[in-house]
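Asker: Here you go, run-v2.txt (compact mmCIF, C-alpha atoms and all ligand atoms):
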# COMPACT_ATOMS: atom_id res chain seq x y z
CA MET A 1 60.63 19.92 34.21
CA LYS A 2 60.00 18.28 37.54
CA LEU A 3 58.36 14.88 37.74
CA ILE A 4 57.13 12.44 40.34
CA VAL A 5 57.08 8.68 39.89
CA VAL A 6 54.81 7.00 42.43
CA GLY A 7 55.80 3.48 43.54
CA SER A 8 58.75 1.44 44.73
CA GLY A 9 59.19 -1.55 42.45
CA GLY A 10 61.30 -2.58 39.49
CA ARG A 11 58.68 -1.02 37.22
CA GLU A 12 59.19 2.36 38.86
CA HIS A 13 62.99 2.09 38.70
CA ALA A 14 62.69 1.34 34.97
CA LEU A 15 60.24 4.24 34.45
CA ALA A 16 62.49 6.69 36.30
CA TRP A 17 65.62 5.50 34.48
CA LYS A 18 63.95 5.77 31.07
CA LEU A 19 62.33 9.13 31.77
CA LEU A 20 65.68 10.56 32.85
CA GLU A 21 67.03 9.96 29.33
CA SER A 22 65.16 13.19 28.52
CA ASN A 23 67.34 16.09 29.53
CA GLN A 24 64.30 18.35 29.90
CA ILE A 25 63.85 16.68 33.29
CA GLU A 26 65.76 18.60 35.93
CA ARG A 27 64.52 16.61 38.89
CA LEU A 28 62.59 13.45 39.40
CA PHE A 29 61.16 12.44 42.76
CA CYS A 30 60.32 8.81 43.52
CA LEU A 31 57.63 8.33 46.14
CA PRO A 32 58.94 6.33 47.92
CA GLY A 33 61.35 4.73 45.37
CA ASN A 34 63.90 2.04 46.23
CA GLY A 35 67.64 1.38 46.37
CA GLY A 36 67.90 1.71 42.60
CA THR A 37 66.12 5.04 42.23
CA ALA A 38 68.13 6.34 45.22
CA CYS A 39 71.26 6.12 43.09
CA LEU A 40 70.02 7.67 39.81
CA ASP A 41 71.34 11.10 38.82
CA ARG A 42 68.80 13.96 39.09
CA CYS A 43 66.59 11.61 41.10
CA GLU A 44 65.62 11.69 44.73
CA ASN A 45 63.60 9.33 46.89
CA VAL A 46 61.00 10.91 49.15
CA ALA A 47 59.63 8.83 52.02
CA ILE A 48 55.96 9.03 51.09
CA ALA A 49 54.09 5.76 50.58
CA ALA A 50 52.34 5.14 47.25
CA THR A 51 49.10 4.72 49.20
CA ASP A 52 49.38 8.04 51.08
CA LEU A 53 47.28 10.10 48.68
CA ASP A 54 47.14 13.21 50.90
CA SER A 55 50.91 13.46 51.22
CA ILE A 56 51.48 12.75 47.52
CA CYS A 57 49.10 15.57 46.57
CA GLN A 58 50.67 17.97 49.08
CA PHE A 59 54.17 17.18 47.88
CA ALA A 60 53.19 17.54 44.20
CA GLN A 61 51.68 20.96 44.95
CA LYS A 62 54.62 22.11 47.05
CA GLU A 63 57.13 21.14 44.37
CA ARG A 64 54.90 22.39 41.51
CA VAL A 65 55.69 19.29 39.50
CA ASP A 66 54.85 19.10 35.81
CA LEU A 67 53.78 15.47 35.76
CA VAL A 68 53.01 12.65 38.17
CA VAL A 69 53.48 9.15 36.76
CA ILE A 70 51.49 6.68 38.85
CA GLY A 71 53.01 3.19 38.85
CA PRO A 72 50.87 0.84 40.97
CA GLU A 73 47.16 0.04 40.76
CA VAL A 74 46.30 0.72 44.40
CA PRO A 75 46.66 4.53 44.31
CA LEU A 76 44.96 4.60 40.88
CA ALA A 77 42.00 2.62 42.21
CA ALA A 78 41.89 4.92 45.24
CA GLY A 79 41.53 7.96 42.98
CA LEU A 80 44.99 9.56 42.96
CA GLY A 81 44.54 10.51 39.30
CA ASP A 82 41.29 12.36 40.09
CA ARG A 83 42.79 14.12 43.11
CA LEU A 84 45.78 15.40 41.13
CA GLN A 85 43.62 16.49 38.21
CA ALA A 86 41.38 18.42 40.59
CA LEU A 87 44.50 20.28 41.78
CA GLY A 88 45.47 21.06 38.18
CA ILE A 89 48.45 18.69 38.30
CA ALA A 90 49.02 16.52 35.23
CA ALA A 91 48.85 12.83 36.04
CA PHE A 92 49.68 9.82 33.90
CA GLY A 93 47.22 7.09 34.85
CA PRO A 94 43.45 6.69 34.66
CA THR A 95 40.91 8.12 37.06
CA GLN A 96 39.24 5.96 39.69
CA ALA A 97 36.41 5.20 37.27
CA GLY A 98 38.90 4.00 34.65
CA ALA A 99 40.97 2.02 37.14
CA LYS A 100 37.88 -0.09 37.78
CA ILE A 101 38.91 -2.07 34.72
CA GLU A 102 41.49 -3.67 37.03
CA ALA A 103 39.93 -3.03 40.44
CA SER A 104 36.68 -4.88 39.69
CA LYS A 105 36.84 -8.03 37.60
CA ALA A 106 33.02 -8.16 37.54
CA TRP A 107 32.85 -4.62 36.15
CA ALA A 108 35.53 -5.38 33.55
CA LYS A 109 33.69 -8.54 32.52
CA THR A 110 30.43 -6.66 32.02
CA LEU A 111 32.23 -4.05 29.92
CA MET A 112 33.78 -6.77 27.76
CA VAL A 113 30.55 -8.67 27.28
CA GLU A 114 28.63 -5.52 26.35
CA ALA A 115 31.32 -4.46 23.88
CA GLY A 116 31.67 -7.93 22.35
CA ILE A 117 35.31 -8.26 23.38
CA PRO A 118 36.46 -11.90 23.34
CA THR A 119 36.90 -13.22 26.88
CA ALA A 120 36.16 -16.31 28.97
CA ARG A 121 32.47 -16.92 29.68
CA ALA A 122 31.76 -15.96 33.26
CA GLN A 123 29.22 -15.30 35.94
CA THR A 124 29.45 -13.10 39.04
CA PHE A 125 28.18 -14.06 42.52
CA ASP A 126 27.87 -12.21 45.80
CA GLN A 127 27.04 -15.27 47.87
CA ALA A 128 28.72 -18.63 48.32
CA ALA A 129 25.71 -20.96 47.90
CA PRO A 130 24.73 -20.03 44.32
CA ALA A 131 28.43 -19.87 43.37
CA ILE A 132 28.88 -23.45 44.60
CA THR A 133 25.76 -24.61 42.75
CA TYR A 134 27.21 -23.02 39.60
CA VAL A 135 30.57 -24.78 39.85
CA GLN A 136 28.82 -28.07 40.61
CA ALA A 137 26.82 -27.65 37.42
CA HIS A 138 29.85 -26.69 35.31
CA GLY A 139 32.52 -28.97 36.82
CA ALA A 140 36.28 -28.51 37.00
CA PRO A 141 38.68 -27.19 35.82
CA ILE A 142 37.20 -23.78 36.47
CA VAL A 143 38.54 -20.37 37.48
CA ILE A 144 37.48 -18.58 40.68
CA LYS A 145 38.41 -14.89 40.97
CA ALA A 146 37.95 -12.47 43.82
CA ASP A 147 36.40 -9.38 42.27
CA GLY A 148 38.71 -6.72 43.68
CA LEU A 149 42.41 -6.02 44.12
CA ALA A 150 44.03 -8.89 46.01
CA ALA A 151 47.74 -8.30 45.34
CA GLY A 152 47.80 -11.06 42.72
CA LYS A 153 46.44 -13.69 45.14
CA GLY A 154 42.75 -13.59 44.28
CA VAL A 155 42.70 -16.02 41.32
CA THR A 156 42.47 -19.81 41.59
CA VAL A 157 42.58 -21.98 38.51
CA ALA A 158 40.89 -24.95 40.21
CA GLN A 159 41.63 -28.38 38.78
CA THR A 160 39.03 -30.10 40.95
CA LEU A 161 35.53 -29.32 42.17
CA ASP A 162 36.78 -29.43 45.78
CA GLY A 163 39.45 -26.89 44.94
CA ALA A 164 36.88 -24.61 43.34
CA ILE A 165 34.56 -24.84 46.34
CA ALA A 166 37.46 -24.18 48.72
CA ALA A 167 38.41 -21.07 46.70
CA ILE A 168 34.82 -19.80 46.90
CA HIS A 169 34.82 -20.27 50.68
CA THR A 170 38.23 -18.57 50.98
CA SER A 171 36.99 -15.54 49.10
CA PHE A 172 33.71 -15.16 51.00
CA ALA A 173 35.48 -15.80 54.34
CA GLY A 174 37.10 -12.39 53.93
CA THR A 175 40.64 -13.55 53.16
CA PHE A 176 40.94 -10.78 50.55
CA GLY A 177 38.86 -8.29 52.54
CA GLU A 178 36.22 -6.38 50.61
CA ALA A 179 37.88 -7.52 47.35
CA GLY A 180 36.49 -11.04 47.87
CA SER A 181 32.88 -10.15 48.64
CA GLN A 182 32.04 -10.88 45.02
CA VAL A 183 33.53 -13.68 42.94
CA VAL A 184 33.73 -14.07 39.21
CA ILE A 185 33.64 -17.67 38.08
CA GLU A 186 34.80 -18.34 34.57
CA GLU A 187 35.81 -21.01 32.11
CA VAL A 188 39.47 -21.97 31.77
CA LEU A 189 41.22 -20.52 28.75
CA VAL A 190 44.06 -22.51 27.24
CA GLY A 191 47.03 -21.32 25.25
CA GLU A 192 49.92 -18.97 25.75
CA GLU A 193 49.64 -15.88 27.92
CA VAL A 194 50.74 -12.60 26.37
CA SER A 195 50.87 -9.11 27.87
CA VAL A 196 50.02 -6.25 25.55
CA LEU A 197 50.48 -2.89 27.23
CA ALA A 198 48.98 -0.01 25.27
CA LEU A 199 49.33 3.72 25.76
CA THR A 200 46.21 5.78 25.38
CA ASP A 201 45.19 9.42 25.62
CA GLY A 202 41.51 8.48 25.74
CA GLN A 203 41.10 8.82 21.97
CA THR A 204 44.05 7.06 20.37
CA ILE A 205 45.47 3.76 21.61
CA ARG A 206 48.90 2.43 20.64
CA PRO A 207 50.33 -0.90 21.74
CA LEU A 208 53.87 -1.34 23.02
CA LEU A 209 55.85 -4.47 22.17
CA PRO A 210 54.10 -7.66 23.31
CA ALA A 211 55.81 -9.40 26.22
CA GLN A 212 55.55 -12.74 27.96
CA ASP A 213 55.72 -12.99 31.74
CA HIS A 214 56.45 -16.19 33.69
CA LYS A 215 54.16 -16.09 36.72
CA PRO A 216 54.77 -19.39 38.57
CA ILE A 217 57.68 -19.50 41.01
CA GLY A 218 59.13 -22.77 39.70
CA GLU A 219 60.90 -23.75 36.52
CA GLY A 220 58.65 -25.29 33.89
CA ASP A 221 55.85 -23.03 35.23
CA ARG A 222 55.33 -25.10 38.38
CA GLY A 223 54.26 -24.01 41.83
CA PRO A 224 52.33 -21.02 43.09
CA ASN A 225 51.88 -17.83 41.08
CA THR A 226 54.00 -14.79 41.84
CA GLY A 227 53.95 -11.21 40.60
CA GLY A 228 56.13 -12.44 37.71
CA MET A 229 59.55 -14.14 37.70
CA GLY A 230 60.88 -13.09 34.32
CA VAL A 231 59.82 -11.76 30.98
CA TYR A 232 60.90 -11.33 27.40
CA ALA A 233 59.91 -9.19 24.43
CA PRO A 234 59.02 -8.92 21.64
CA LEU A 235 57.24 -12.22 20.98
CA PRO A 236 58.00 -13.91 17.66
CA ARG A 237 54.64 -15.69 18.06
CA ILE A 238 52.75 -12.38 17.87
CA THR A 239 53.01 -11.56 14.20
CA ALA A 240 51.87 -8.25 12.70
CA PRO A 241 48.46 -9.69 11.66
CA ILE A 242 47.85 -10.98 15.20
CA MET A 243 48.82 -7.59 16.62
CA ALA A 244 46.42 -5.92 14.16
CA LYS A 245 43.68 -8.28 15.36
CA ILE A 246 44.42 -7.38 19.00
CA GLN A 247 44.20 -3.70 18.10
CA ALA A 248 40.91 -4.11 16.21
CA THR A 249 39.09 -6.63 18.40
CA ILE A 250 40.37 -5.74 21.86
CA LEU A 251 42.18 -2.42 22.32
CA GLU A 252 39.97 -0.16 20.21
CA PRO A 253 36.63 -1.65 21.34
CA THR A 254 37.74 -1.43 24.98
CA LEU A 255 38.63 2.23 24.61
CA ALA A 256 35.29 2.84 22.87
CA ALA A 257 33.45 1.05 25.71
CA LEU A 258 35.25 3.23 28.27
CA GLN A 259 34.34 6.36 26.30
CA LYS A 260 30.72 5.20 26.16
CA ARG A 261 30.72 5.12 29.95
CA GLY A 262 32.02 8.69 30.01
CA ILE A 263 35.47 7.63 31.15
CA ASP A 264 38.41 9.73 29.99
CA TYR A 265 41.10 7.05 30.20
CA ARG A 266 44.64 8.37 29.88
CA GLY A 267 47.43 6.02 30.83
CA VAL A 268 48.27 2.39 30.20
CA LEU A 269 45.66 -0.17 29.29
CA TYR A 270 47.34 -3.49 29.95
CA ALA A 271 45.60 -6.42 28.28
CA GLY A 272 46.48 -9.84 29.68
CA LEU A 273 45.65 -12.15 26.78
CA MET A 274 45.43 -15.85 26.07
CA ILE A 275 46.26 -16.93 22.55
CA ASP A 276 45.34 -20.44 21.48
CA PRO A 277 47.03 -22.63 18.84
CA GLU A 278 44.63 -21.27 16.18
CA ASP A 279 45.65 -17.69 17.04
CA ASN A 280 42.32 -16.88 18.69
CA VAL A 281 42.93 -14.16 21.24
CA GLN A 282 40.89 -13.70 24.42
CA VAL A 283 41.20 -11.32 27.34
CA VAL A 284 42.19 -12.91 30.67
CA GLU A 285 42.26 -9.62 32.52
CA PHE A 286 42.88 -5.91 32.17
CA ASN A 287 45.23 -3.85 34.29
CA CYS A 288 45.19 -0.07 34.54
CA ARG A 289 48.98 0.44 34.71
CA PHE A 290 52.35 -0.66 33.39
CA GLY A 291 53.15 -4.35 34.00
CA ASP A 292 55.82 -5.46 36.41
CA PRO A 293 58.20 -6.97 35.23
CA GLU A 294 57.06 -6.33 31.61
CA THR A 295 58.12 -2.68 31.85
CA GLN A 296 61.66 -3.73 32.74
CA VAL A 297 62.07 -5.41 29.37
CA ILE A 298 59.90 -3.17 27.18
CA LEU A 299 61.40 0.20 28.13
CA PRO A 300 65.03 -0.71 27.35
CA LEU A 301 63.83 -1.48 23.79
CA LEU A 302 61.88 1.77 23.40
CA ASP A 303 63.46 4.36 21.11
CA THR A 304 60.82 7.12 21.17
CA PRO A 305 61.41 9.25 24.29
CA LEU A 306 59.16 7.96 27.07
CA LEU A 307 58.58 11.47 28.38
CA ASP A 308 57.14 12.52 24.99
CA LEU A 309 54.80 9.54 24.97
CA LEU A 310 53.53 10.05 28.51
CA LEU A 311 53.00 13.78 27.94
CA ALA A 312 51.15 13.03 24.70
CA CYS A 313 48.80 10.73 26.63
CA VAL A 314 48.14 13.37 29.26
CA ASN A 315 47.72 16.17 26.67
CA ARG A 316 45.57 14.08 24.31
CA THR A 317 48.05 14.41 21.45
CA LEU A 318 49.05 10.79 20.98
CA ASP A 319 47.78 10.92 17.38
CA GLN A 320 50.42 13.58 16.63
CA ILE A 321 53.28 11.29 17.58
CA GLY A 322 54.30 9.07 14.68
CA ALA A 323 54.65 5.33 15.08
CA ILE A 324 56.34 4.37 18.33
CA ALA A 325 59.97 3.57 17.48
CA TRP A 326 61.87 0.57 18.84
CA LYS A 327 65.54 -0.22 19.07
CA PRO A 328 66.77 -3.25 17.18
CA GLY A 329 67.15 -6.43 19.17
CA VAL A 330 65.27 -8.31 21.85
CA GLY A 331 65.22 -8.36 25.63
CA ILE A 332 65.02 -10.81 28.50
CA SER A 333 64.62 -9.82 32.12
CA VAL A 334 65.10 -12.29 34.98
CA VAL A 335 63.84 -11.68 38.50
CA MET A 336 66.11 -12.44 41.44
CA ALA A 337 63.90 -13.13 44.44
CA ALA A 338 64.43 -13.54 48.18
CA ALA A 339 64.40 -17.07 49.61
CA GLY A 340 60.84 -18.11 50.45
CA TYR A 341 59.06 -15.75 48.04
CA PRO A 342 56.06 -15.74 47.27
CA ASN A 343 55.60 -16.72 50.93
CA ALA A 344 57.47 -15.14 53.87
CA TYR A 345 61.05 -14.03 53.12
CA PRO A 346 63.87 -12.28 54.96
CA LYS A 347 64.75 -8.61 54.47
CA GLY A 348 67.86 -6.56 55.17
CA ASP A 349 70.47 -8.86 53.62
CA GLU A 350 73.38 -7.26 51.85
CA ILE A 351 73.48 -7.46 48.03
CA THR A 352 76.90 -7.54 46.38
CA GLY A 353 78.21 -7.80 42.84
CA ILE A 354 75.91 -5.33 41.05
CA PRO A 355 78.86 -3.33 39.62
CA GLY A 356 80.30 -6.56 38.21
CA ALA A 357 76.96 -7.35 36.57
CA LEU A 358 76.75 -3.87 35.06
CA ASP A 359 80.24 -4.41 33.61
CA GLN A 360 78.79 -7.32 31.64
CA GLY A 361 76.42 -4.92 29.90
CA VAL A 362 73.17 -5.83 31.63
CA LEU A 363 70.72 -3.41 33.21
CA VAL A 364 69.92 -4.02 36.87
CA PHE A 365 66.53 -2.69 37.94
CA HIS A 366 65.93 -2.75 41.67
CA ALA A 367 62.56 -4.09 42.80
CA GLY A 368 62.78 -4.73 46.55
CA THR A 369 65.96 -3.02 47.70
CA LEU A 370 67.07 -0.29 50.04
CA TRP A 371 70.16 1.93 49.82
CA LYS A 372 71.60 2.32 53.32
CA GLN A 373 75.00 3.65 54.31
CA GLY A 374 76.55 2.86 50.97
CA GLN A 375 75.13 -0.64 50.69
CA TRP A 376 72.18 -2.19 48.92
CA LEU A 377 70.01 -4.35 51.17
CA THR A 378 67.17 -6.68 50.26
CA ASN A 379 63.79 -5.17 51.07
CA GLY A 380 61.15 -7.20 49.22
CA GLY A 381 60.20 -10.55 47.71
CA ARG A 382 61.26 -9.68 44.20
CA VAL A 383 64.66 -8.09 44.79
CA LEU A 384 66.23 -7.32 41.40
CA ASN A 385 65.41 -7.55 37.70
CA VAL A 386 68.41 -8.25 35.50
CA THR A 387 67.64 -7.21 31.92
CA ALA A 388 69.74 -7.99 28.87
CA VAL A 389 69.20 -6.61 25.38
CA ALA A 390 70.93 -8.36 22.50
CA GLU A 391 70.66 -9.20 18.83
CA ASN A 392 68.78 -12.43 19.48
CA PHE A 393 67.26 -14.37 22.36
CA THR A 394 70.13 -16.85 22.68
CA LEU A 395 72.57 -14.01 23.27
CA ALA A 396 70.16 -12.06 25.47
CA LYS A 397 69.62 -15.09 27.69
CA GLU A 398 73.36 -15.75 28.02
CA LYS A 399 73.97 -12.14 28.86
CA ALA A 400 71.17 -11.93 31.46
CA TYR A 401 72.31 -15.07 33.29
CA GLY A 402 75.95 -13.93 33.01
CA GLY A 403 74.93 -10.76 34.84
CA ILE A 404 73.02 -12.71 37.48
CA ALA A 405 76.06 -14.90 38.16
CA GLN A 406 77.89 -11.79 39.40
CA ILE A 407 75.24 -10.86 41.99
CA GLN A 408 74.99 -12.36 45.46
CA PHE A 409 72.69 -12.16 48.44
CA PRO A 410 71.80 -14.95 50.90
CA GLY A 411 69.27 -17.41 49.47
CA ALA A 412 68.91 -15.58 46.14
CA TYR A 413 66.47 -17.50 43.94
CA TYR A 414 65.79 -17.13 40.24
CA ARG A 415 64.27 -19.27 37.51
CA ARG A 416 66.90 -20.53 35.08
CA ASP A 417 64.40 -21.13 32.28
CA ILE A 418 63.08 -17.65 31.46
CA GLY A 419 62.15 -17.64 27.78
CA TYR A 420 62.02 -21.45 27.56
CA ARG A 421 59.18 -21.41 25.02
CA LEU A 422 61.51 -19.62 22.60
CA PHE A 423 63.95 -22.48 22.63
CA SER A 424 61.63 -25.53 22.70
P1 LIG A 501 44.63 -12.42 36.82
O1 LIG A 501 44.89 -11.88 38.20
O2 LIG A 501 43.25 -12.27 36.32
O3 LIG A 501 45.73 -12.06 35.86
O4 LIG A 501 44.88 -13.99 36.93
C1 LIG A 501 46.11 -14.49 37.35
C2 LIG A 501 46.51 -15.62 36.47
O5 LIG A 501 45.52 -16.65 36.54
C3 LIG A 501 46.58 -15.28 35.00
O6 LIG A 501 47.80 -14.69 34.66
C4 LIG A 501 46.39 -16.64 34.37
O7 LIG A 501 47.60 -17.36 34.39
C5 LIG A 501 45.42 -17.30 35.29
N1 LIG A 501 44.05 -17.15 34.77
C6 LIG A 501 43.16 -16.17 35.05
N2 LIG A 501 42.01 -16.35 34.38
C7 LIG A 501 42.16 -17.48 33.66
C8 LIG A 501 41.33 -18.20 32.76
N3 LIG A 501 40.08 -17.83 32.48
N4 LIG A 501 41.84 -19.32 32.20
C9 LIG A 501 43.08 -19.73 32.48
N5 LIG A 501 43.92 -19.10 33.32
C10 LIG A 501 43.47 -17.99 33.90
N1 LIG A 502 53.31 -8.96 35.32
C1 LIG A 502 52.00 -8.98 35.80
C2 LIG A 502 51.44 -7.71 36.23
O1 LIG A 502 52.06 -6.66 36.16
O2 LIG A 502 50.29 -7.71 36.65
Could I get this structure in the form of structure tokens?
Answerer:
Amino acid sequence: MKLIVVGSGGREHALAWKLLESNQIERLFCLPGNGGTACLDRCENVAIAATDLDSICQFAQKERVDLVVIGPEVPLAAGLGDRLQALGIAAFGPTQAGAKIEASKAWAKTLMVEAGIPTARAQTFDQAAPAITYVQAHGAPIVIKADGLAAGKGVTVAQTLDGAIAAIHTSFAGTFGEAGSQVVIEEVLVGEEVSVLALTDGQTIRPLLPAQDHKPIGEGDRGPNTGGMGVYAPLPRITAPIMAKIQATILEPTLAALQKRGIDYRGVLYAGLMIDPEDNVQVVEFNCRFGDPETQVILPLLDTPLLDLLLACVNRTLDQIGAIAWKPGVGISVVMAAAGYPNAYPKGDEITGIPGALDQGVLVFHAGTLWKQGQWLTNGGRVLNVTAVAENFTLAKEKAYGGIAQIQFPGAYYRRDIGYRLFS
């Protein structure tokens, strides 16, 4: 078989690496891939951007690929899944209509409210004045969200009324482009955030292991939010009864609500959840794709072949695959970022020590790197994901940070407390 993975992050490196465990795959193309995918056997980077839908479709047709796995939300929201399907090319990832669950927070909220899915109470506005009146009536803390895709920057958890009003002005001033022309204002949820990524073929939905991301840049969860600085799985906190509740009250009703709207959703439904001390679970957001960096810790633990699972989603045969099997043990993945991230950061610095890290038994997924003349260079804010799998979290953490200690690039930054809730 020939496959394409669309995207260039750590998630896509992990997807390509895991898919290539199946020896039915003769060739895998990453569009555009990164310095990690450049060095995988049977894998080739092709310089086509994940947002260049025309070129992706042309290339998929020319190579007669058997499956296109779409990593990021932007091409999904732009309709890459629909375009490939129209050409008769199998695609893993929802259509544009399904991707709305991530691409419009107002749309997702309406779907949840109509289907009775537990989520923060909210109201949507398309003008600043009534939005400001609303926050004045409700007070702070309060959450202000740009409706559309804003590369993770569209959400403000405002602690003060002034902060909330400023966030409303920022959104309507066009800072996030069209994405900010509507805002969703909602109550603050408290508890622990959990990511549950589920695979679905539009009829059956099966969760993967729950994972916990660490979004703020600073240790102790301080400072601005990032795309995610580290993650671990599975979560001891999410017991089998809680997982069953998530399946029954969130995943299945969401799939049913999508079906009711005539949406044939085949791909990942990623539920970002808040779980309070009484084990009440509410939806913070949905994403229409694999999480990054969640994928980099979940896939190393997966025992069922990923290719079989993705094909079952595309072919609507997920019910014929038995329970998803997992390897024993647990995983922690720590992000190494460029100095300055999530603000401006340098690119093009040499990365050394990866072979030494691999010798320690960790996996190194490349996020923002480039392979050039036999060297890896930094090429993004999140540079590497160092993942360790071990018998328990104490050992996994030691192993992950042991791997990181081998790797150098100028100004490398990482949080030293990934998984801290496990040990407190
Ligand atoms: P989102 O882009 O919707 O995932 O929001 C980004 C982050 O903002 C989430 O991961 C949460 O940490 C936080 N957040 C979003 N909505 C809420 C909420 N209603 N209550 C508390 N925190 C929230
Ligand atoms: N880890 C957060 C995300 O993928 O959106």
Asker: Using all atoms listed in the file, what table do you get, as CSV, when you list each residue of chain A with an atom no more than 8 Å from ligand LIG 502 (chain A), its nearest pair of atoms, and their distance in Å rounded to one decimal, rows by chain then rising number?
Answerer:
residue,atom,partner,partner_atom,distance
A:Gly152,CA,A:LIG502,O2,7.4
A:Ser195,CA,A:LIG502,N1,7.8
A:Asp213,CA,A:LIG502,N1,5.9
A:Lys215,CA,A:LIG502,N1,7.3
A:Gly227,CA,A:LIG502,C1,5.6
A:Gly228,CA,A:LIG502,N1,5.1
A:Asn287,CA,A:LIG502,O2,6.8
A:Arg289,CA,A:LIG502,O1,7.9
A:Phe290,CA,A:LIG502,O1,6.6
A:Gly291,CA,A:LIG502,O1,3.3
A:Asp292,CA,A:LIG502,O1,4.0
A:Pro293,CA,A:LIG502,N1,5.3
A:Glu294,CA,A:LIG502,N1,5.9
Asker: Please determine, counting all atoms listed in the file, which residue among A:Lys372, A:Arg27, A:Arg11, A:Lys18 has the shortest atom-to-atom distance to Asp308 in chain A.
Answerer: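 Among A:Lys372, A:Arg27, A:Arg11, A:Lys18, it is A:Lys18 that comes nearest to Asp308 in chain A.
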Asker: Kindly provide, as a PDB file with C-alpha atoms, in the frame of the given file, all nucleotide and amino acid residues lying within 8 Å of ligand LIG 501 (chain A), counting only C-alpha atoms and all ligand atoms.
Answerer:
ATOM      1  CA  LYS A 105      36.840  -8.030  37.600  1.00  0.00           C
ATOM      2  CA  THR A 119      36.900 -13.220  26.880  1.00  0.00           C
ATOM      3  CA  ALA A 120      36.160 -16.310  28.970  1.00  0.00           C
ATOM      4  CA  ILE A 142      37.200 -23.780  36.470  1.00  0.00           C
ATOM      5  CA  VAL A 143      38.540 -20.370  37.480  1.00  0.00           C
ATOM      6  CA  LYS A 145      38.410 -14.890  40.970  1.00  0.00           C
ATOM      7  CA  GLY A 152      47.800 -11.060  42.720  1.00  0.00           C
ATOM      8  CA  LYS A 153      46.440 -13.690  45.140  1.00  0.00           C
ATOM      9  CA  GLY A 154      42.750 -13.590  44.280  1.00  0.00           C
ATOM     10  CA  VAL A 155      42.700 -16.020  41.320  1.00  0.00           C
ATOM     11  CA  THR A 156      42.470 -19.810  41.590  1.00  0.00           C
ATOM     12  CA  VAL A 157      42.580 -21.980  38.510  1.00  0.00           C
ATOM     13  CA  GLU A 186      34.800 -18.340  34.570  1.00  0.00           C
ATOM     14  CA  GLU A 187      35.810 -21.010  32.110  1.00  0.00           C
ATOM     15  CA  VAL A 188      39.470 -21.970  31.770  1.00  0.00           C
ATOM     16  CA  LEU A 189      41.220 -20.520  28.750  1.00  0.00           C
ATOM     17  CA  VAL A 190      44.060 -22.510  27.240  1.00  0.00           C
ATOM     18  CA  GLU A 193      49.640 -15.880  27.920  1.00  0.00           C
ATOM     19  CA  LYS A 215      54.160 -16.090  36.720  1.00  0.00           C
ATOM     20  CA  ASN A 225      51.880 -17.830  41.080  1.00  0.00           C
ATOM     21  CA  GLY A 272      46.480  -9.840  29.680  1.00  0.00           C
ATOM     22  CA  MET A 274      45.430 -15.850  26.070  1.00  0.00           C
ATOM     23  CA  VAL A 284      42.190 -12.910  30.670  1.00  0.00           C
ATOM     24  CA  GLU A 285      42.260  -9.620  32.520  1.00  0.00           C
ATOM     25  CA  PHE A 286      42.880  -5.910  32.170  1.00  0.00           C
TER      26      PHE A 286
END
Asker: Mind giving me the straight-line distance from CA of Ser55 in chain A to CA of Ala16 in chain A in Å, one decimal?
Answerer: 20.1 Å
Asker: Give me the residues within 12 Å of Pro130 in chain A as a PDB file with C-alpha atoms, in the frame of the given file, counting only C-alpha atoms and dropping any in the same chain fewer than 6 places off.
Answerer:
ATOM      1  CA  GLN A 123      29.220 -15.300  35.940  1.00  0.00           C
ATOM      2  CA  THR A 124      29.450 -13.100  39.040  1.00  0.00           C
ATOM      3  CA  GLN A 136      28.820 -28.070  40.610  1.00  0.00           C
ATOM      4  CA  ALA A 137      26.820 -27.650  37.420  1.00  0.00           C
ATOM      5  CA  ILE A 165      34.560 -24.840  46.340  1.00  0.00           C
ATOM      6  CA  ILE A 168      34.820 -19.800  46.900  1.00  0.00           C
ATOM      7  CA  HIS A 169      34.820 -20.270  50.680  1.00  0.00           C
ATOM      8  CA  GLN A 182      32.040 -10.880  45.020  1.00  0.00           C
ATOM      9  CA  VAL A 183      33.530 -13.680  42.940  1.00  0.00           C
ATOM     10  CA  VAL A 184      33.730 -14.070  39.210  1.00  0.00           C
ATOM     11  CA  ILE A 185      33.640 -17.670  38.080  1.00  0.00           C
TER      12      ILE A 185
END
Asker: Using all atoms listed in the file, which of A:Ile321, A:Gly191, A:Asp201, A:Asn23 sits nearest Asp276 in chain A?
Answerer: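 Checking each of A:Ile321, A:Gly191, A:Asp201, A:Asn23 against Asp276 in chain A, counting all atoms listed in the file, the winner is A:Gly191.
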Asker: So which one's closest to Val364 in chain A, A:Arg222, A:Lys347, A:His13, A:Lys2? Using only C-alpha atoms, please.
Answerer: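 Smallest separation from Val364 in chain A among the options: A:His13.
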Asker: Which neighbours of Arg416 in chain A fall inside 8 Å, counting all atoms listed in the file, when residues of the same chain fewer than 2 positions from it are skipped, and could you give them as a CSV table (one decimal) with C-alpha atoms, in the coordinates of the input?
Answerer:
chain,number,residue,atom,x,y,z
A,219,GLU,CA,60.9,-23.8,36.5
A,401,TYR,CA,72.3,-15.1,33.3
A,414,TYR,CA,65.8,-17.1,40.2
A,418,ILE,CA,63.1,-17.6,31.5
Asker: Have a look at CA of Gln406 in chain A and CA of Leu384 in chain A and let me know their distance in Å, one decimal.
Answerer: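 About the pair CA of Gln406 in chain A and CA of Leu384 in chain A: they are 12.6 Å apart.
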